[in-house]
>>> print(open('my_file.txt').read())   # compact mmCIF, C-alpha atoms
# COMPACT_ATOMS: atom_id res chain seq x y z
CA MET A 1 56.91 102.33 67.87
CA ARG A 2 54.28 100.27 69.76
CA LYS A 3 52.46 103.51 70.61
CA TYR A 4 52.41 104.39 66.92
CA ILE A 5 50.88 101.01 66.00
CA SER A 6 48.19 101.34 68.73
CA GLU A 7 47.19 104.72 67.39
CA ILE A 8 46.78 103.23 63.87
CA ILE A 9 44.57 100.42 65.23
CA SER A 10 42.38 102.89 67.18
CA VAL A 11 41.82 104.95 64.06
CA LEU A 12 40.84 101.85 62.04
CA ILE A 13 38.39 100.68 64.70
CA ALA A 14 36.80 104.14 64.74
CA LEU A 15 36.44 103.99 60.96
CA VAL A 16 34.78 100.59 61.18
CA LEU A 17 32.30 101.77 63.83
CA PHE A 18 31.59 104.88 61.87
CA ALA A 19 30.94 102.86 58.76
CA PHE A 20 28.80 100.47 60.74
CA LEU A 21 26.64 103.24 62.18
CA ALA A 22 26.37 104.83 58.79
CA SER A 23 25.17 101.55 57.42
CA ASN A 24 22.32 101.46 60.02
CA ASN A 25 20.94 104.64 58.51
CA ALA A 26 20.96 102.96 55.10
CA PHE A 27 20.10 99.52 56.37
CA ALA A 28 17.55 99.22 53.69
CA THR A 29 20.05 99.58 50.93
CA THR A 30 21.43 96.59 49.12
CA ASN A 31 25.12 97.59 49.68
CA LYS A 32 25.04 97.18 53.47
CA VAL A 33 26.40 93.67 53.62
CA LYS A 34 29.05 94.25 50.98
CA GLN A 35 30.35 97.39 52.74
CA THR A 36 30.46 95.56 56.04
CA ASP A 37 32.43 92.67 54.53
CA LYS A 38 34.82 95.05 52.88
CA LEU A 39 35.49 96.92 56.10
CA ILE A 40 36.01 93.66 57.97
CA GLN A 41 38.50 92.52 55.35
CA GLN A 42 40.37 95.80 55.66
CA TRP A 43 40.39 95.48 59.44
CA LEU A 44 41.73 91.94 59.20
CA ALA A 45 44.46 93.05 56.78
CA ILE A 46 45.47 95.83 59.14
CA GLU A 47 45.50 93.41 62.07
CA GLN A 48 47.75 91.07 60.09
CA GLN A 49 50.11 93.94 59.34
CA ARG A 50 50.07 94.87 63.04
CA ASN A 51 50.95 91.32 64.05
CA ALA A 52 53.68 91.16 61.42
CA ILE A 53 55.14 94.43 62.67
CA LEU A 54 55.04 93.21 66.28
CA ASN A 55 56.66 89.90 65.36
CA ASP A 56 59.39 91.68 63.41
CA TRP A 57 59.95 94.02 66.38
CA HIS A 58 60.27 91.09 68.78
CA GLN A 59 62.83 89.48 66.45
CA GLN A 60 64.81 92.64 65.85
CA LYS A 61 64.74 93.94 69.44
CA PRO A 62 67.52 91.65 70.85
CA LEU A 63 69.73 92.39 67.87
CA LEU A 64 69.16 96.11 68.20
CA GLU A 65 69.78 96.01 71.95
CA GLN A 66 72.99 94.06 71.39
CA ARG A 67 74.07 96.49 68.71
CA LEU A 68 73.30 99.40 71.02
CA LEU A 69 75.37 97.77 73.78
CA LEU A 70 78.27 97.26 71.39
CA LEU A 71 78.04 100.88 70.26
CA LYS A 72 78.12 102.06 73.89
CA GLN A 73 81.14 99.86 74.59
CA GLU A 74 82.87 101.16 71.47
CA GLN A 75 82.08 104.73 72.51
CA LYS A 76 83.54 104.05 75.96
CA GLN A 77 86.68 102.52 74.43
CA LEU A 78 87.08 105.45 72.06
CA LYS A 79 86.86 107.87 75.00
CA GLN A 80 89.48 105.86 76.88
CA ASN A 81 91.72 105.81 73.80
CA LEU A 82 91.29 109.54 73.39
CA THR A 83 92.19 110.10 77.05
CA SER A 84 95.23 107.82 76.74
CA ALA A 85 96.26 109.58 73.54
CA ASN A 86 96.06 112.96 75.28
CA GLU A 87 98.07 111.67 78.23
CA SER A 88 100.60 110.14 75.84
CA ASP A 89 100.88 113.42 73.94
CA ASN A 90 101.45 115.24 77.22
CA GLU A 91 104.14 112.73 78.23
CA VAL A 92 105.82 113.02 74.84
CA GLU A 93 105.77 116.79 75.08
CA LYS A 94 107.23 116.59 78.58
CA LYS A 95 110.02 114.27 77.40
CA ARG A 96 110.70 116.52 74.42
CA ALA A 97 111.03 119.53 76.73
CA GLN A 98 113.42 117.59 78.99
CA LEU A 99 115.53 116.50 76.03
CA LEU A 100 115.61 120.04 74.69
CA GLU A 101 116.72 121.33 78.09
CA SER A 102 119.41 118.65 78.29
CA GLN A 103 120.58 119.50 74.79
CA ASN A 104 120.83 123.20 75.64
CA THR A 105 122.77 122.37 78.81
CA MET A 106 125.15 120.09 76.91
CA GLU A 107 125.68 122.70 74.20
CA ALA A 108 126.48 125.31 76.87
CA MET A 109 128.93 122.91 78.52
CA GLN A 110 130.44 122.12 75.12
CA ALA A 111 130.96 125.80 74.41
CA GLU A 112 132.54 126.30 77.84
CA LEU A 113 134.79 123.28 77.31
CA ASP A 114 135.89 124.55 73.89
CA LYS A 115 136.74 127.91 75.45
CA SER A 116 138.69 126.24 78.26
CA LEU A 117 140.60 124.03 75.83
CA ILE A 118 141.77 127.08 73.91
CA SER A 119 143.14 128.58 77.14
CA TYR A 120 144.80 125.33 78.22
CA TYR A 121 146.47 124.80 74.85
CA GLN A 122 147.80 128.36 74.99
CA ILE A 123 149.43 127.47 78.32
CA VAL A 124 150.75 124.25 76.80
CA ALA A 125 152.32 126.25 73.98
CA GLN A 126 154.10 128.47 76.53
CA VAL A 127 155.34 125.55 78.64
CA HIS A 128 156.37 123.33 75.74
CA PRO A 129 159.78 124.95 74.92
CA GLN A 130 160.84 124.80 78.61
CA LEU A 131 160.40 121.02 78.90
CA PRO A 132 163.33 118.61 79.06
CA PRO A 133 164.21 117.56 75.49
CA PRO A 134 162.83 113.98 75.76
CA LEU A 135 159.50 115.27 77.03
CA TYR A 136 159.62 118.20 74.61
CA GLN A 137 159.91 115.77 71.69
CA ALA A 138 157.05 113.62 72.99
CA TRP A 139 154.80 116.69 73.25
CA HIS A 140 155.95 117.95 69.86
CA ASN A 141 154.88 114.72 68.18
CA LYS A 142 151.40 115.06 69.69
CA LEU A 143 150.89 118.78 69.16
CA THR A 144 151.97 118.83 65.52
CA SER A 145 150.08 115.72 64.41
CA THR A 146 147.48 116.22 61.68
CA GLU A 147 144.97 114.21 63.68
CA LEU A 148 145.06 116.71 66.55
CA LEU A 149 144.77 119.73 64.26
CA GLU A 150 141.60 118.27 62.71
CA ALA A 151 140.30 116.58 65.87
CA ASP A 152 137.01 117.15 67.64
CA THR A 153 136.65 118.45 71.18
CA THR A 154 136.75 115.01 72.80
CA THR A 155 140.01 114.07 71.09
CA LYS A 156 141.60 117.39 72.01
CA LEU A 157 140.57 116.92 75.63
CA ASN A 158 141.98 113.39 75.73
CA THR A 159 145.23 114.60 74.18
CA LEU A 160 145.50 117.39 76.75
CA LEU A 161 145.02 114.91 79.59
CA GLU A 162 147.67 112.65 78.05
CA LEU A 163 150.15 115.54 77.84
CA LEU A 164 149.54 116.49 81.47
CA GLU A 165 149.96 112.88 82.53
CA GLN A 166 153.30 112.73 80.72
CA LEU A 167 154.32 115.98 82.42
CA ASN A 168 153.42 114.68 85.87
CA ASP A 169 155.13 111.35 85.24
CA PHE A 170 158.37 113.03 84.15
CA GLU A 171 158.31 115.32 87.20
CA GLN A 172 157.97 112.38 89.59
CA ARG A 173 160.86 110.26 88.35
CA ILE A 174 164.55 110.17 87.52
CA SER A 175 165.21 109.51 83.86
CA HIS A 176 168.01 109.53 81.35
CA ALA A 177 168.53 109.94 77.62
CA GLN A 178 171.24 110.01 75.00
CA SER A 179 171.43 112.70 72.34
CA ALA A 180 173.74 114.99 70.39
CA LEU A 181 174.52 118.44 71.83
CA THR A 182 176.47 121.34 70.36
CA LEU A 183 179.04 122.14 73.05
CA SER A 184 181.91 124.63 73.29
CA ASN A 185 185.53 123.90 74.16
CA ALA A 186 188.91 125.50 73.56
CA GLN A 187 188.75 124.58 69.90
CA GLY A 188 185.25 126.07 69.43
CA GLU A 189 181.81 124.49 69.14
CA LYS A 190 181.46 120.81 68.52
CA GLU A 191 178.57 118.39 68.23
CA VAL A 192 179.01 115.74 70.86
CA MET A 193 177.01 112.64 71.73
CA VAL A 194 176.25 112.73 75.48
CA HIS A 195 174.43 110.90 78.26
CA GLN A 196 171.82 113.05 80.00
CA LEU A 197 170.46 112.55 83.51
CA TYR A 198 167.15 114.23 84.52
CA ILE A 199 165.61 114.64 87.95
CA GLY A 200 162.11 116.01 87.47
CA LEU A 201 161.53 118.82 85.03
CA SER A 202 164.23 121.32 86.03
CA GLN A 203 167.43 119.46 86.92
CA ALA A 204 169.69 117.78 84.36
CA TRP A 205 173.36 116.87 83.86
CA TYR A 206 175.31 115.57 80.94
CA VAL A 207 178.56 113.76 80.24
CA SER A 208 180.01 112.90 76.84
CA LEU A 209 180.54 109.28 75.91
CA ASP A 210 184.32 109.69 76.35
CA GLY A 211 183.91 111.66 79.62
CA SER A 212 185.65 114.77 78.29
CA PHE A 213 182.58 117.03 78.40
CA VAL A 214 180.53 117.46 81.56
CA GLY A 215 177.95 120.02 82.59
CA ARG A 216 174.36 120.65 83.46
CA GLY A 217 171.12 121.73 81.78
CA VAL A 218 169.16 124.90 82.57
CA PRO A 219 165.53 125.33 81.41
CA GLU A 220 164.76 128.71 79.85
CA LYS A 221 161.70 130.15 78.08
CA SER A 222 163.20 129.55 74.65
CA GLY A 223 164.45 126.05 75.48
CA TRP A 224 167.12 124.25 77.45
CA ARG A 225 170.64 125.65 77.66
CA TRP A 226 173.51 123.25 78.31
CA ILE A 227 176.37 124.72 80.36
CA ALA A 228 179.80 123.28 80.98
CA ASP A 229 180.32 122.76 84.72
CA ASP A 230 183.51 121.36 86.21
CA GLN A 231 181.70 120.63 89.47
CA VAL A 232 179.80 117.84 87.70
CA ASN A 233 181.56 114.55 88.21
CA ALA A 234 181.34 112.45 85.07
CA GLU A 235 181.62 109.21 87.01
CA THR A 236 178.79 110.23 89.32
CA VAL A 237 176.47 110.90 86.38
CA LEU A 238 177.36 107.59 84.76
CA ASN A 239 176.86 105.75 88.06
CA ALA A 240 173.43 107.33 88.44
CA ILE A 241 172.48 106.21 84.94
CA ALA A 242 173.74 102.72 85.73
CA MET A 243 171.51 102.62 88.81
CA ILE A 244 168.48 103.74 86.74
CA GLU A 245 169.21 100.94 84.29
CA ARG A 246 169.61 98.58 87.26
CA ARG A 247 173.17 97.78 86.38
CA SER A 248 174.33 98.75 89.89
CA GLU A 249 172.87 99.11 93.38
CA ALA A 250 171.15 102.28 94.50
CA LYS A 251 173.10 104.71 96.68
CA PHE A 252 173.35 108.42 97.47
CA LEU A 253 175.18 110.57 94.95
CA GLN A 254 176.22 114.21 94.97
CA LEU A 255 175.37 116.39 91.98
CA PRO A 256 175.36 120.20 91.69
CA ILE A 257 171.95 121.78 91.21
CA SER A 258 171.19 124.96 89.31
CA LEU A 259 169.61 126.81 92.28
CA SER A 260 172.92 127.28 94.12
CA THR A 261 176.65 126.78 93.76
CA GLN A 262 176.66 124.18 96.51
CA ASN A 263 176.40 120.49 95.94
CA ALA A 264 173.10 118.73 96.57
CA THR A 265 172.72 115.10 97.61
CA ALA A 266 170.36 113.23 95.24
CA ALA A 267 168.99 109.83 96.19
CA VAL A 268 168.90 107.57 93.14
CA SER A 269 167.13 104.23 93.46
CA ASN A 270 166.13 101.48 91.09
>>> encode(input="my_file.txt", output="structure tokens")
Amino acid sequence: MRKYISEIISVLIALVLFAFLASNNAFATTNKVKQTDKLIQQWLAIEQQRNAILNDWHQQKPLLEQRLLLLKQEQKQLKQNLTSANESDNEVEKKRAQLLESQNTMEAMQAELDKSLISYYQIVAQVHPQLPPPLYQAWHNKLTSTELLEADTTTKLNTLLELLEQLNDFEQRISHAQSALTLSNAQGEKEVMVHQLYIGLSQAWYVSLDGSFVGRGVPEKSGWRWIADDQVNAETVLNAIAMIERRSEAKFLQLPISLSTQNATAAVSN
């Protein structure tokens, strides 16, 4: 801008000199002084404009420099923000890809678990009828509940684990129950209330409340079959139940098992 102003001043000075020289050729004319005064006035006006422009420039220069600095800082900040935004977008995309991969893995595991549960519940359905009646009834209540039929995968898995825990618990202990059985005698079949003694999942004996019916239980695919067996001592069964209920001290008892015709010694403790 200063260069532009200097060029204007040079042109004006040249005009004044030109006019002055031209006036020497017409020095004799009466307009010489007037023209000179006019040119001087024009030169002075231009000089005043020059000074005003310079003063305005000096006043505006710090403001313009400050504004330029602020614009550069803002440009720098915008570039940083743009870089951060790009990095953030990349990080978000990376996280999204990880989440999508995790979701696909979980869905595959869910599908595999659903498939496994179907197989396990098929096995449960095969084993269920062969369970001792007390355990059979406990499983029946779970397997036929409306909640299980309409349950999600997690609930079905928890129920399966609960059934297996009940199975393992029954296998590891000696237990007893009381129920009604349809038994045969000389007069035919009769429904009799009996005490039942279980050792694990496959050995059981029964004795009627009056001691007239004794026998053992045999697990079969369709359910348990109760067989009269004179080798079963009613008093022994009742003593074993008394020990389980802690009504007498623990001791060794002899009860016939279904794997052979010989007696087996069963340790019953409280």
>>> residues_around(input="my_file.txt", residues="stretch 117-120 of chain A", least_positions_apart="5", cutoff="10 Å", atoms="only C-alpha atoms", output="ChimeraX atom specification")
/A:111-112,125-126,153,156-157,160
>>> atom_distance(input="my_file.txt", atom1="atom CA of A:Glu91", atom2="atom CA of A:Gln73")
26.6 Å
>>> atom_distance(input="my_file.txt", atom1="atom CA of A:His128", atom2="atom CA of A:Thr144")
12.0 Å
>>> atom_distance(input="my_file.txt", atom1="atom CA of A:Glu189", atom2="atom CA of A:Ala234")
20.0 Å
>>> axis_aligned_box(input="my_file.txt", around="stretch 138-148 of chain A", padding_each_side="8 Å", output="JSON")
{"center_x": 151.0, "center_y": 116.2, "center_z": 67.5, "size_x": 28.1, "size_y": 21.2, "size_z": 27.6}
